[in-house]
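Structure, as structure tokens:
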Amino acid sequence: MSDGHEADAKTAGEVPRGADVDSVVVLDFGSQYSRLIARRVRELNVYSELLPFDTPWREIAARKPKAVILSGGPASVYEDGSPHPDPAIWTGGVPILGICYGLHLMAEGLGGEVVSFERKEFGPAIVSVTSGDGLFAGLEPEQPVWMSHGDSIRRLPDGFGSTARTDSTPYAAVADPGRRMYGIQFHPEVVHTKSGRDILRNFVVEIAGARQNWTAVNFIASTVDEIRNRVDAHSLATGTDGKVLCALSGGVDSAVAATLVHRAVGDRLICVHVDHGMMRKNETELLQTAFEQLGVRVIVVNARERFLRKLEGVTDPEQKRHIIGNEFIRVFEEEAVKLGQIAFLTQGTLYPDVIESATSSNEKAAAKIKTHHNVGGLPDDIAFQLIEPLRYLFKDEVRAVGTELGLPDSMVQRQPFPGPGLAIRIIGEVTADRLDTLREADWIVIDEIKAAGLYRSVWQSFAILTPVRSVGVMGDGRTYANLVAIRAVTSEDAMTADWAKLPYDVLGRISSRIVNEVPGVNRVVYDISSKPPATIEWE
Ligand code: XMP
């Protein structure tokens with residue numbers, strides 16, 4: 001997000017305004033699973049937000065949460081400097097569930113004792129439920145769970161009793177039902193805890209009484225109202241027509257954001273799609289048709305020549321990324337200027353980006369691997385107000401909203417595609433011919449992956465055009481032609497990825513179709529590297 005914008009007044013994760021939804025606050029004590037807890041609660045159709053562990057109680061209380069969940073974390077509660085919540089949380093009257101480190105915080109904060117545990121537990125375990133109500137209502141007495149802890153409770157606070165045990169601890173789960181305080185030593189958010197979803201449901205819905213009304217339909221209704229009110233208020237105050245601009249990339253985020261805004265402000269929304277020539281086959285045309293059918297005004301700027309000229313002779317990956325990113329902004333600005341006075345800019349910022357900027361302080365310290373160009377990363381010096389209708393949503397929720405809005409599956413379920421497009425999948429110089437070659441090969445990959453029913457189970461699947469040429473034989477003749485690589489990965493979030501174990505016959509069909517149908521290619525290889533140490537894209 002660029003600093004020059006008049007940023008949206010909302011803070012990270014605040015409950016969507018105008019929406020009559022119940023919410024659950026998850027405090028993040030640094031567990032790798034914190035975000036997953038928030039997602040799991042959302043999967044129960046209850047809005048949840050992840051906040052930094054030291055959020056003052058008055059800020060939490062101002063959100064009127066139905067419950068608070070304390071995440072796990074790598075620290076020990078008795079260590080100096082370990083993260084602790086605002087102590088006012090213990091007397092706030094809101095039901096609390098402590099998970100792992102969160103349980104230890106609760107035990108310590110309410111007068112119990114936590115010690116280093118001589119029998120550390122990591123991995124799968126079976127807990128025996130000793131009290132079949134509360135968190136375990138309706139569940140079997142023996143529960144497979146996922147443990148990961150080195151500390152344990154030695155003495156419970158007054159009012160608490162044990163509700164489940166394992167061979168190594170009598171306090172696998174504890175409860176003080178009177179105060180609606182619950183703690184579990186295991187992780188209900190990971191799939192290895194078989195009844196994790198039911199346990200969270202028992203807490204959030206049955207114990208805390210949260211209504212399950214966080215649905216795509218409700219989200220759309222409240223978001224559309226909110227955007228309309230905001231734009232109308234601005235128009236009234238300024239005597240302008242309140243135009244809204246949106247850059248459409250072809251990806252699901254910008255498509256869903258634009259459609260929501262269109263529902264709210266109709267023709268006042270103008271979408272611009274910069275066709276930099278690095279899109280996949282037919283992608284620009286599909287986008288244009290889909291939005292025309294929805295009645296959305298889309299200006300397609302054909303800037304193919306312009307981008308190609310800038311990329312002439314360039315082979316360095318970072319230089320390519322910079323050129324495309326900068327040129328994109330220039331073209332977009334030129335279009336914006338032509339459209340006259342525009343008050344708002346729509347961006348497809350998602351909740352994970354919001355969490356990232358609110359809770360992560362080590363981002364700056366992380367080594368830069370690649371410069372990302374996102375279509376959202378727009379001009380710094382134009383004073384737009386931002387409309388970010390997806391800032392509360394996880395990616396799967398964006399897809400659900402897109403489907404509800406009537407966007408075609410081809411758009412809603414589309415695999416991620418990088419901003420610089422095919423340019424970073426052509427190793428070496430990007431030329432019109434090489435783009436054509438890659439576009440055809442890529443089309444075949446996607447076609448075969450879809451035909452095999454694998455499109456949604458792999459995270460990304462695509463072709464790379466390498467600068468390598470090799471000798472082959474076709475008919476009776478020698479060839480000396482291009483090498484195309486195929487990359488298909490599985491992933492949860494693109495931070496790590498594994499190469500997809502595609503069936504040999506699918507790989508075989510992809511290979512033989514590419515060498516037969518794409519002129520200038522005589523050899524196909526499959527990339528079997530995971531991330532790390534490789535990245536998903538080659539550049
Ligand atoms: P890497 O190659 O770093 O990619 O493993 C991780 C994910 O990010 C996508 N990607 C980008 N997305 N603009 C984007 O919007 C970019 O510049 C960009 N570069 C990589 C990549 O496709 C993968 O999903």
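Identifiers in the structure tokens: chain A, B, ... in order shown; residue index from 1 per chain; ligand index from 1 in order shown.
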Item to check | region 487-495 of chain A environment, 12 Å, only C-alpha atoms, sequence neighbours closer than 6 positions dropped, as a PyMOL selection string | outcome: chain A and resi 35-36+352+369+394-396+415-418+425+441-442+445-446+449+454-465+501-503+506-507+510+524-538
Next on the checklist: List the spatial neighbours of region 176-179 of chain A as a count of residues only - criterion: any atom at most 7 Å away, only C-alpha atoms, same-chain residues fewer than 4 positions off excluded.
Outcome noted: 3
From a DSSP pass on the backbone, collect the residues of region 229-438 of chain A flagged as helix (DSSP H, G or I) and hand them back as a short mmCIF file (atom, residue, chain, number, x, y, z; two decimals) with N, CA, C and O atoms, in the first residue's frame.
data_model
loop_
_atom_site.label_atom_id
_atom_site.label_comp_id
_atom_site.auth_asym_id
_atom_site.auth_seq_id
_atom_site.Cartn_x
_atom_site.Cartn_y
_atom_site.Cartn_z
N ASN A 229 -23.01 4.28 0.76
CA ASN A 229 -23.15 5.41 1.70
C ASN A 229 -21.91 6.29 1.66
O ASN A 229 -22.00 7.52 1.69
N ARG A 230 -20.77 5.65 1.59
CA ARG A 230 -19.52 6.42 1.64
C ARG A 230 -19.37 7.28 0.38
O ARG A 230 -19.04 8.46 0.45
N VAL A 231 -19.64 6.66 -0.75
CA VAL A 231 -19.46 7.40 -2.01
C VAL A 231 -20.53 8.50 -2.12
O VAL A 231 -20.23 9.63 -2.50
N ASP A 232 -21.76 8.18 -1.72
CA ASP A 232 -22.83 9.19 -1.78
C ASP A 232 -22.52 10.38 -0.86
O ASP A 232 -22.71 11.53 -1.24
N ALA A 233 -22.04 10.07 0.33
CA ALA A 233 -21.72 11.15 1.28
C ALA A 233 -20.65 12.05 0.69
O ALA A 233 -20.72 13.28 0.79
N HIS A 234 -19.67 11.45 0.05
CA HIS A 234 -18.60 12.24 -0.55
C HIS A 234 -19.15 13.11 -1.69
O HIS A 234 -18.83 14.29 -1.80
N SER A 235 -20.01 12.52 -2.51
CA SER A 235 -20.58 13.29 -3.62
C SER A 235 -21.35 14.49 -3.11
O SER A 235 -21.21 15.59 -3.62
N LEU A 236 -22.16 14.25 -2.09
CA LEU A 236 -22.97 15.34 -1.52
C LEU A 236 -22.08 16.46 -0.98
O LEU A 236 -22.28 17.64 -1.26
N ALA A 237 -21.05 16.03 -0.24
CA ALA A 237 -20.19 17.01 0.41
C ALA A 237 -19.38 17.81 -0.60
O ALA A 237 -19.07 18.98 -0.37
N THR A 238 -19.03 17.20 -1.71
CA THR A 238 -18.13 17.88 -2.65
C THR A 238 -18.84 18.38 -3.90
O THR A 238 -18.23 19.05 -4.73
N VAL A 252 -8.81 -12.92 -9.31
CA VAL A 252 -10.07 -13.01 -8.58
C VAL A 252 -10.26 -11.80 -7.64
O VAL A 252 -11.38 -11.29 -7.52
N ASP A 253 -9.20 -11.31 -7.04
CA ASP A 253 -9.37 -10.24 -6.05
C ASP A 253 -9.91 -8.96 -6.67
O ASP A 253 -10.89 -8.38 -6.21
N SER A 254 -9.24 -8.51 -7.73
CA SER A 254 -9.71 -7.26 -8.33
C SER A 254 -11.08 -7.45 -8.97
O SER A 254 -11.91 -6.55 -8.96
N ALA A 255 -11.35 -8.66 -9.47
CA ALA A 255 -12.66 -8.91 -10.09
C ALA A 255 -13.78 -8.84 -9.05
O ALA A 255 -14.81 -8.20 -9.28
N VAL A 256 -13.55 -9.46 -7.90
CA VAL A 256 -14.59 -9.46 -6.86
C VAL A 256 -14.75 -8.05 -6.28
O VAL A 256 -15.87 -7.56 -6.08
N ALA A 257 -13.63 -7.38 -6.06
CA ALA A 257 -13.70 -6.01 -5.51
C ALA A 257 -14.49 -5.12 -6.47
O ALA A 257 -15.39 -4.38 -6.05
N ALA A 258 -14.18 -5.22 -7.76
CA ALA A 258 -14.87 -4.36 -8.74
C ALA A 258 -16.36 -4.67 -8.78
O ALA A 258 -17.19 -3.76 -8.84
N THR A 259 -16.70 -5.94 -8.71
CA THR A 259 -18.11 -6.30 -8.80
C THR A 259 -18.90 -5.79 -7.60
O THR A 259 -20.03 -5.31 -7.73
N LEU A 260 -18.28 -5.87 -6.42
CA LEU A 260 -18.94 -5.33 -5.22
C LEU A 260 -19.18 -3.83 -5.37
O LEU A 260 -20.27 -3.32 -5.09
N VAL A 261 -18.14 -3.14 -5.82
CA VAL A 261 -18.26 -1.69 -5.96
C VAL A 261 -19.31 -1.36 -7.03
O VAL A 261 -20.10 -0.43 -6.88
N HIS A 262 -19.33 -2.16 -8.07
CA HIS A 262 -20.31 -1.91 -9.13
C HIS A 262 -21.73 -2.04 -8.59
O HIS A 262 -22.61 -1.24 -8.91
N ARG A 263 -21.95 -3.05 -7.76
CA ARG A 263 -23.28 -3.19 -7.15
C ARG A 263 -23.65 -1.94 -6.36
O ARG A 263 -24.82 -1.57 -6.25
N ALA A 264 -22.64 -1.33 -5.76
CA ALA A 264 -22.92 -0.18 -4.89
C ALA A 264 -23.11 1.11 -5.68
O ALA A 264 -23.98 1.90 -5.37
N VAL A 265 -22.28 1.33 -6.69
CA VAL A 265 -22.30 2.66 -7.33
C VAL A 265 -22.59 2.62 -8.83
O VAL A 265 -22.60 3.66 -9.48
N GLY A 266 -22.83 1.42 -9.36
CA GLY A 266 -23.21 1.29 -10.77
C GLY A 266 -22.22 1.94 -11.71
O GLY A 266 -21.00 1.72 -11.60
N ASP A 267 -22.74 2.77 -12.60
CA ASP A 267 -21.92 3.36 -13.67
C ASP A 267 -20.84 4.32 -13.18
O ASP A 267 -20.00 4.75 -13.96
N ARG A 268 -20.90 4.67 -11.94
CA ARG A 268 -19.84 5.57 -11.44
C ARG A 268 -18.52 4.82 -11.31
O ARG A 268 -17.48 5.41 -11.09
N GLU A 283 -7.04 -14.26 -22.15
CA GLU A 283 -7.41 -13.81 -20.82
C GLU A 283 -8.07 -12.42 -20.84
O GLU A 283 -9.08 -12.18 -20.18
N THR A 284 -7.47 -11.52 -21.61
CA THR A 284 -8.02 -10.18 -21.68
C THR A 284 -9.43 -10.21 -22.27
O THR A 284 -10.34 -9.53 -21.77
N GLU A 285 -9.62 -11.02 -23.30
CA GLU A 285 -10.93 -11.10 -23.94
C GLU A 285 -11.99 -11.65 -22.98
O GLU A 285 -13.10 -11.14 -22.89
N LEU A 286 -11.59 -12.68 -22.23
CA LEU A 286 -12.53 -13.28 -21.27
C LEU A 286 -12.96 -12.27 -20.21
O LEU A 286 -14.13 -12.19 -19.84
N LEU A 287 -11.97 -11.52 -19.75
CA LEU A 287 -12.24 -10.53 -18.72
C LEU A 287 -13.22 -9.48 -19.25
O LEU A 287 -14.21 -9.12 -18.60
N GLN A 288 -12.94 -9.04 -20.47
CA GLN A 288 -13.79 -8.02 -21.07
C GLN A 288 -15.23 -8.53 -21.20
O GLN A 288 -16.18 -7.84 -20.83
N THR A 289 -15.37 -9.74 -21.70
CA THR A 289 -16.71 -10.28 -21.90
C THR A 289 -17.43 -10.46 -20.57
O THR A 289 -18.60 -10.08 -20.43
N ALA A 290 -16.72 -11.03 -19.58
CA ALA A 290 -17.38 -11.29 -18.30
C ALA A 290 -17.90 -9.99 -17.69
O ALA A 290 -19.02 -9.93 -17.19
N PHE A 291 -17.10 -8.94 -17.76
CA PHE A 291 -17.53 -7.68 -17.14
C PHE A 291 -18.58 -6.96 -17.96
O PHE A 291 -19.46 -6.32 -17.41
N GLU A 292 -18.48 -7.10 -19.28
CA GLU A 292 -19.55 -6.52 -20.10
C GLU A 292 -20.88 -7.15 -19.75
O GLU A 292 -21.90 -6.48 -19.64
N GLN A 293 -20.86 -8.48 -19.55
CA GLN A 293 -22.11 -9.16 -19.20
C GLN A 293 -22.66 -8.67 -17.87
O GLN A 293 -23.86 -8.65 -17.66
N ARG A 304 0.56 -3.26 -25.41
CA ARG A 304 1.49 -4.37 -25.68
C ARG A 304 2.81 -3.90 -26.29
O ARG A 304 3.88 -4.26 -25.80
N GLU A 305 2.70 -3.09 -27.32
CA GLU A 305 3.91 -2.62 -28.01
C GLU A 305 4.82 -1.85 -27.05
O GLU A 305 6.02 -2.00 -27.02
N ARG A 306 4.17 -1.02 -26.29
CA ARG A 306 4.88 -0.14 -25.37
C ARG A 306 5.70 -0.94 -24.34
O ARG A 306 6.86 -0.64 -24.09
N PHE A 307 5.09 -1.97 -23.80
CA PHE A 307 5.82 -2.80 -22.83
C PHE A 307 6.95 -3.57 -23.50
O PHE A 307 8.05 -3.67 -22.97
N LEU A 308 6.66 -4.09 -24.70
CA LEU A 308 7.70 -4.86 -25.40
C LEU A 308 8.92 -4.00 -25.70
O LEU A 308 10.05 -4.43 -25.58
N ARG A 309 8.64 -2.75 -26.12
CA ARG A 309 9.77 -1.85 -26.42
C ARG A 309 10.63 -1.65 -25.18
O ARG A 309 11.85 -1.69 -25.23
N LYS A 310 9.97 -1.44 -24.05
CA LYS A 310 10.72 -1.21 -22.80
C LYS A 310 11.52 -2.44 -22.39
O LYS A 310 12.54 -2.34 -21.71
N LEU A 311 11.03 -3.60 -22.78
CA LEU A 311 11.69 -4.84 -22.34
C LEU A 311 12.77 -5.32 -23.31
O LEU A 311 13.43 -6.33 -23.05
N PRO A 317 15.93 -10.66 -14.23
CA PRO A 317 14.57 -10.79 -13.68
C PRO A 317 14.09 -9.57 -12.91
O PRO A 317 12.95 -9.12 -13.09
N GLU A 318 14.93 -9.01 -12.05
CA GLU A 318 14.49 -7.87 -11.26
C GLU A 318 14.25 -6.65 -12.14
O GLU A 318 13.33 -5.88 -11.90
N GLN A 319 15.11 -6.52 -13.16
CA GLN A 319 14.93 -5.38 -14.07
C GLN A 319 13.60 -5.52 -14.82
O GLN A 319 12.86 -4.55 -14.98
N LYS A 320 13.30 -6.73 -15.23
CA LYS A 320 12.01 -6.96 -15.90
C LYS A 320 10.86 -6.54 -14.98
O LYS A 320 9.94 -5.84 -15.38
N ARG A 321 10.93 -7.00 -13.75
CA ARG A 321 9.87 -6.70 -12.79
C ARG A 321 9.71 -5.19 -12.60
O ARG A 321 8.59 -4.66 -12.57
N HIS A 322 10.84 -4.49 -12.46
CA HIS A 322 10.77 -3.04 -12.27
C HIS A 322 10.18 -2.34 -13.47
O HIS A 322 9.33 -1.46 -13.33
N ILE A 323 10.64 -2.73 -14.63
CA ILE A 323 10.15 -2.07 -15.85
C ILE A 323 8.65 -2.26 -15.97
O ILE A 323 7.90 -1.31 -16.20
N ILE A 324 8.19 -3.47 -15.76
CA ILE A 324 6.76 -3.74 -15.93
C ILE A 324 5.95 -2.99 -14.87
O ILE A 324 4.94 -2.36 -15.17
N GLY A 325 6.43 -3.03 -13.63
CA GLY A 325 5.73 -2.33 -12.54
C GLY A 325 5.63 -0.84 -12.82
O GLY A 325 4.54 -0.24 -12.71
N ASN A 326 6.74 -0.23 -13.20
CA ASN A 326 6.75 1.23 -13.45
C ASN A 326 5.89 1.60 -14.64
O ASN A 326 5.14 2.57 -14.60
N GLU A 327 6.04 0.83 -15.69
CA GLU A 327 5.30 1.13 -16.91
C GLU A 327 3.79 1.01 -16.65
O GLU A 327 3.00 1.80 -17.13
N PHE A 328 3.45 0.01 -15.86
CA PHE A 328 2.05 -0.20 -15.51
C PHE A 328 1.49 1.06 -14.85
O PHE A 328 0.43 1.56 -15.20
N ILE A 329 2.24 1.57 -13.90
CA ILE A 329 1.76 2.76 -13.19
C ILE A 329 1.61 3.94 -14.15
O ILE A 329 0.63 4.68 -14.12
N ARG A 330 2.59 4.08 -15.04
CA ARG A 330 2.51 5.19 -16.01
C ARG A 330 1.25 5.09 -16.86
O ARG A 330 0.52 6.06 -17.01
N VAL A 331 1.03 3.92 -17.43
CA VAL A 331 -0.13 3.75 -18.32
C VAL A 331 -1.41 4.02 -17.53
O VAL A 331 -2.31 4.74 -17.98
N PHE A 332 -1.46 3.48 -16.33
CA PHE A 332 -2.66 3.63 -15.52
C PHE A 332 -2.90 5.11 -15.20
O PHE A 332 -4.03 5.61 -15.30
N GLU A 333 -1.84 5.80 -14.86
CA GLU A 333 -1.97 7.23 -14.54
C GLU A 333 -2.48 8.01 -15.74
O GLU A 333 -3.35 8.87 -15.61
N GLU A 334 -1.92 7.71 -16.88
CA GLU A 334 -2.36 8.41 -18.09
C GLU A 334 -3.86 8.23 -18.31
O GLU A 334 -4.57 9.16 -18.65
N GLU A 335 -4.32 7.02 -18.10
CA GLU A 335 -5.76 6.75 -18.26
C GLU A 335 -6.57 7.51 -17.22
O GLU A 335 -7.61 8.07 -17.52
N ALA A 336 -6.07 7.50 -15.99
CA ALA A 336 -6.80 8.16 -14.90
C ALA A 336 -6.95 9.65 -15.21
O ALA A 336 -8.02 10.24 -15.01
N VAL A 337 -5.88 10.24 -15.72
CA VAL A 337 -5.92 11.67 -16.02
C VAL A 337 -7.00 11.95 -17.08
O VAL A 337 -7.78 12.89 -16.97
N LYS A 338 -7.06 11.07 -18.09
CA LYS A 338 -8.07 11.26 -19.15
C LYS A 338 -9.49 11.23 -18.61
O LYS A 338 -10.40 11.82 -19.17
N TYR A 351 -7.46 -9.74 3.79
CA TYR A 351 -7.23 -9.74 5.23
C TYR A 351 -5.80 -10.16 5.61
O TYR A 351 -5.20 -9.55 6.50
N PRO A 352 -5.24 -11.18 4.95
CA PRO A 352 -3.85 -11.52 5.31
C PRO A 352 -2.88 -10.34 5.15
O PRO A 352 -1.96 -10.20 5.94
N ASP A 353 -3.10 -9.48 4.14
CA ASP A 353 -2.24 -8.30 3.99
C ASP A 353 -2.45 -7.35 5.17
O ASP A 353 -1.52 -6.71 5.66
N VAL A 354 -3.70 -7.25 5.60
CA VAL A 354 -4.02 -6.36 6.71
C VAL A 354 -3.36 -6.87 7.98
O VAL A 354 -2.74 -6.12 8.74
N ILE A 355 -3.47 -8.18 8.20
CA ILE A 355 -2.85 -8.78 9.39
C ILE A 355 -1.34 -8.56 9.33
O ILE A 355 -0.71 -8.21 10.31
N GLU A 356 -0.79 -8.78 8.15
CA GLU A 356 0.65 -8.67 7.97
C GLU A 356 1.13 -7.30 8.42
O GLU A 356 2.07 -7.19 9.19
N SER A 357 0.44 -6.25 7.97
CA SER A 357 0.95 -4.93 8.33
C SER A 357 0.64 -4.61 9.79
O SER A 357 1.33 -3.81 10.40
N ALA A 358 -0.38 -5.23 10.36
CA ALA A 358 -0.72 -4.92 11.75
C ALA A 358 0.09 -5.72 12.75
O ALA A 358 0.39 -5.26 13.83
N THR A 359 0.44 -6.94 12.40
CA THR A 359 1.05 -7.80 13.42
C THR A 359 2.50 -8.15 13.18
O THR A 359 3.16 -8.68 14.04
N LYS A 395 -8.76 -15.53 1.33
CA LYS A 395 -8.92 -15.84 -0.10
C LYS A 395 -10.13 -16.74 -0.39
O LYS A 395 -10.87 -16.50 -1.34
N ASP A 396 -10.33 -17.77 0.43
CA ASP A 396 -11.46 -18.66 0.14
C ASP A 396 -12.79 -17.92 0.31
O ASP A 396 -13.77 -18.22 -0.38
N GLU A 397 -12.82 -16.94 1.21
CA GLU A 397 -14.04 -16.15 1.38
C GLU A 397 -14.26 -15.25 0.17
O GLU A 397 -15.40 -15.02 -0.26
N VAL A 398 -13.16 -14.75 -0.40
CA VAL A 398 -13.27 -13.92 -1.61
C VAL A 398 -13.91 -14.74 -2.73
O VAL A 398 -14.79 -14.28 -3.45
N ARG A 399 -13.46 -15.98 -2.84
CA ARG A 399 -14.02 -16.84 -3.89
C ARG A 399 -15.52 -17.08 -3.66
O ARG A 399 -16.32 -17.03 -4.59
N ALA A 400 -15.88 -17.33 -2.39
CA ALA A 400 -17.31 -17.57 -2.09
C ALA A 400 -18.13 -16.33 -2.44
O ALA A 400 -19.23 -16.44 -3.01
N VAL A 401 -17.60 -15.16 -2.13
CA VAL A 401 -18.32 -13.92 -2.44
C VAL A 401 -18.42 -13.75 -3.96
O VAL A 401 -19.47 -13.40 -4.51
N GLY A 402 -17.34 -14.06 -4.66
CA GLY A 402 -17.33 -13.96 -6.13
C GLY A 402 -18.39 -14.85 -6.75
O GLY A 402 -19.12 -14.42 -7.66
N THR A 403 -18.50 -16.05 -6.25
CA THR A 403 -19.51 -16.98 -6.78
C THR A 403 -20.90 -16.43 -6.50
O THR A 403 -21.77 -16.42 -7.37
N GLU A 404 -21.11 -15.94 -5.28
CA GLU A 404 -22.40 -15.39 -4.91
C GLU A 404 -22.77 -14.18 -5.78
O GLU A 404 -23.93 -13.94 -6.09
N ASP A 409 -16.97 -19.12 -12.97
CA ASP A 409 -16.02 -19.99 -12.28
C ASP A 409 -14.60 -19.80 -12.79
O ASP A 409 -13.64 -19.85 -12.02
N SER A 410 -14.48 -19.56 -14.10
CA SER A 410 -13.14 -19.41 -14.69
C SER A 410 -12.40 -18.26 -14.03
O SER A 410 -11.18 -18.25 -13.93
N MET A 411 -13.14 -17.28 -13.54
CA MET A 411 -12.50 -16.14 -12.89
C MET A 411 -12.33 -16.38 -11.38
O MET A 411 -11.29 -16.12 -10.81
N VAL A 412 -13.39 -16.91 -10.79
CA VAL A 412 -13.39 -17.07 -9.33
C VAL A 412 -12.39 -18.13 -8.87
O VAL A 412 -11.76 -18.00 -7.84
N GLY A 421 3.20 -11.26 -15.15
CA GLY A 421 2.69 -12.22 -16.12
C GLY A 421 3.74 -13.10 -16.75
O GLY A 421 4.72 -13.50 -16.11
N LEU A 422 3.53 -13.40 -18.02
CA LEU A 422 4.40 -14.35 -18.71
C LEU A 422 5.85 -13.85 -18.81
O LEU A 422 6.75 -14.65 -19.05
N ALA A 423 6.06 -12.55 -18.61
CA ALA A 423 7.42 -12.02 -18.76
C ALA A 423 8.40 -12.71 -17.82
O ALA A 423 9.56 -12.90 -18.16
N ILE A 424 7.93 -13.09 -16.63
CA ILE A 424 8.85 -13.72 -15.68
C ILE A 424 8.84 -15.25 -15.80
O ILE A 424 9.39 -15.96 -14.99
N ARG A 425 8.17 -15.71 -16.87
CA ARG A 425 8.22 -17.14 -17.18
C ARG A 425 8.94 -17.36 -18.51
O ARG A 425 8.93 -18.46 -19.05
N ALA A 432 7.93 -10.72 -28.83
CA ALA A 432 6.56 -11.08 -29.23
C ALA A 432 6.50 -12.56 -29.61
O ALA A 432 5.57 -13.28 -29.22
N ASP A 433 7.53 -13.03 -30.32
CA ASP A 433 7.53 -14.44 -30.74
C ASP A 433 7.60 -15.38 -29.55
O ASP A 433 6.91 -16.39 -29.49
N ARG A 434 8.48 -15.04 -28.64
CA ARG A 434 8.66 -15.93 -27.48
C ARG A 434 7.40 -15.90 -26.61
O ARG A 434 7.02 -16.92 -26.02
N LEU A 435 6.75 -14.75 -26.53
CA LEU A 435 5.48 -14.69 -25.80
C LEU A 435 4.45 -15.61 -26.45
O LEU A 435 3.72 -16.33 -25.76
N ASP A 436 4.42 -15.59 -27.79
CA ASP A 436 3.46 -16.46 -28.48
C ASP A 436 3.74 -17.93 -28.19
O ASP A 436 2.83 -18.72 -27.95
N THR A 437 5.03 -18.28 -28.23
CA THR A 437 5.39 -19.67 -27.97
C THR A 437 4.96 -20.09 -26.57
O THR A 437 4.32 -21.13 -26.38
N LEU A 438 5.27 -19.25 -25.59
CA LEU A 438 4.93 -19.61 -24.21
C LEU A 438 3.42 -19.65 -24.02
O LEU A 438 2.88 -20.52 -23.34
#
Next on the checklist: Under the rule that only C-alpha atoms and all ligand atoms are counted, which of A:Asp275, A:Pro408, A:Lys450, A:Ser249 is the nearest residue to ligand 1?
Outcome noted: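 Among the listed residues, the smallest separation from ligand 1 belongs to A:Ser249.
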Checklist entry - Within 9 Å of Val190 (chain A), counting only C-alpha atoms, which residues qualify if same-chain residues fewer than 4 places away don't, as a count of residues only? => result 7
Next on the checklist: Among region 187-274 of chain A, which residues does DSSP mark as strand (DSSP E or B) when it is run on the backbone? Keep the chain and numbering as in the structure and answer as a list in words.
Outcome noted: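 Put together, the selection reads Val244, Leu245, Cys246, Ala247, Leu269, Ile270, Cys271, Val272, His273 and Val274 of chain A.
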Selection export as a PDB file, in the first residue's frame, atoms kept: N, CA, C and O atoms:
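For reference, again_10.pdb as written:
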ATOM      1  N   VAL A 244     -15.477   6.209  -9.179  1.00  0.00           N
ATOM      2  CA  VAL A 244     -14.585   5.228  -8.561  1.00  0.00           C
ATOM      3  C   VAL A 244     -13.801   4.524  -9.659  1.00  0.00           C
ATOM      4  O   VAL A 244     -14.381   4.084 -10.655  1.00  0.00           O
ATOM      5  N   LEU A 245     -12.500   4.424  -9.436  1.00  0.00           N
ATOM      6  CA  LEU A 245     -11.639   3.786 -10.424  1.00  0.00           C
ATOM      7  C   LEU A 245     -11.159   2.446  -9.893  1.00  0.00           C
ATOM      8  O   LEU A 245     -10.942   2.285  -8.695  1.00  0.00           O
ATOM      9  N   CYS A 246     -10.999   1.487 -10.807  1.00  0.00           N
ATOM     10  CA  CYS A 246     -10.496   0.184 -10.356  1.00  0.00           C
ATOM     11  C   CYS A 246      -9.601  -0.400 -11.442  1.00  0.00           C
ATOM     12  O   CYS A 246      -9.941  -0.360 -12.619  1.00  0.00           O
ATOM     13  N   ALA A 247      -8.438  -0.908 -11.042  1.00  0.00           N
ATOM     14  CA  ALA A 247      -7.562  -1.581 -12.004  1.00  0.00           C
ATOM     15  C   ALA A 247      -7.897  -3.063 -11.993  1.00  0.00           C
ATOM     16  O   ALA A 247      -7.799  -3.723 -10.968  1.00  0.00           O
ATOM     17  N   LEU A 269     -18.570   3.496 -11.419  1.00  0.00           N
ATOM     18  CA  LEU A 269     -17.331   2.708 -11.393  1.00  0.00           C
ATOM     19  C   LEU A 269     -16.766   2.608 -12.805  1.00  0.00           C
ATOM     20  O   LEU A 269     -17.468   2.260 -13.755  1.00  0.00           O
ATOM     21  N   ILE A 270     -15.494   2.920 -12.922  1.00  0.00           N
ATOM     22  CA  ILE A 270     -14.806   2.744 -14.206  1.00  0.00           C
ATOM     23  C   ILE A 270     -13.620   1.813 -13.966  1.00  0.00           C
ATOM     24  O   ILE A 270     -12.769   2.083 -13.120  1.00  0.00           O
ATOM     25  N   CYS A 271     -13.614   0.709 -14.712  1.00  0.00           N
ATOM     26  CA  CYS A 271     -12.500  -0.227 -14.561  1.00  0.00           C
ATOM     27  C   CYS A 271     -11.515  -0.028 -15.700  1.00  0.00           C
ATOM     28  O   CYS A 271     -11.916   0.206 -16.841  1.00  0.00           O
ATOM     29  N   VAL A 272     -10.246  -0.125 -15.361  1.00  0.00           N
ATOM     30  CA  VAL A 272      -9.216  -0.030 -16.393  1.00  0.00           C
ATOM     31  C   VAL A 272      -8.410  -1.321 -16.370  1.00  0.00           C
ATOM     32  O   VAL A 272      -7.967  -1.767 -15.308  1.00  0.00           O
ATOM     33  N   HIS A 273      -8.293  -1.919 -17.523  1.00  0.00           N
ATOM     34  CA  HIS A 273      -7.430  -3.101 -17.627  1.00  0.00           C
ATOM     35  C   HIS A 273      -6.270  -2.757 -18.551  1.00  0.00           C
ATOM     36  O   HIS A 273      -6.476  -2.449 -19.727  1.00  0.00           O
ATOM     37  N   VAL A 274      -5.070  -2.752 -17.982  1.00  0.00           N
ATOM     38  CA  VAL A 274      -3.896  -2.468 -18.799  1.00  0.00           C
ATOM     39  C   VAL A 274      -3.431  -3.786 -19.413  1.00  0.00           C
ATOM     40  O   VAL A 274      -2.986  -4.690 -18.701  1.00  0.00           O
TER      41      VAL A 274
END
Item to check | Residue nearest ligand 1 - candidates A:His372, A:Tyr392, A:Glu142, A:Tyr480, atoms counted: only C-alpha atoms and all ligand atoms | outcome: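 Selected residue with least distance to ligand 1: A:His372.
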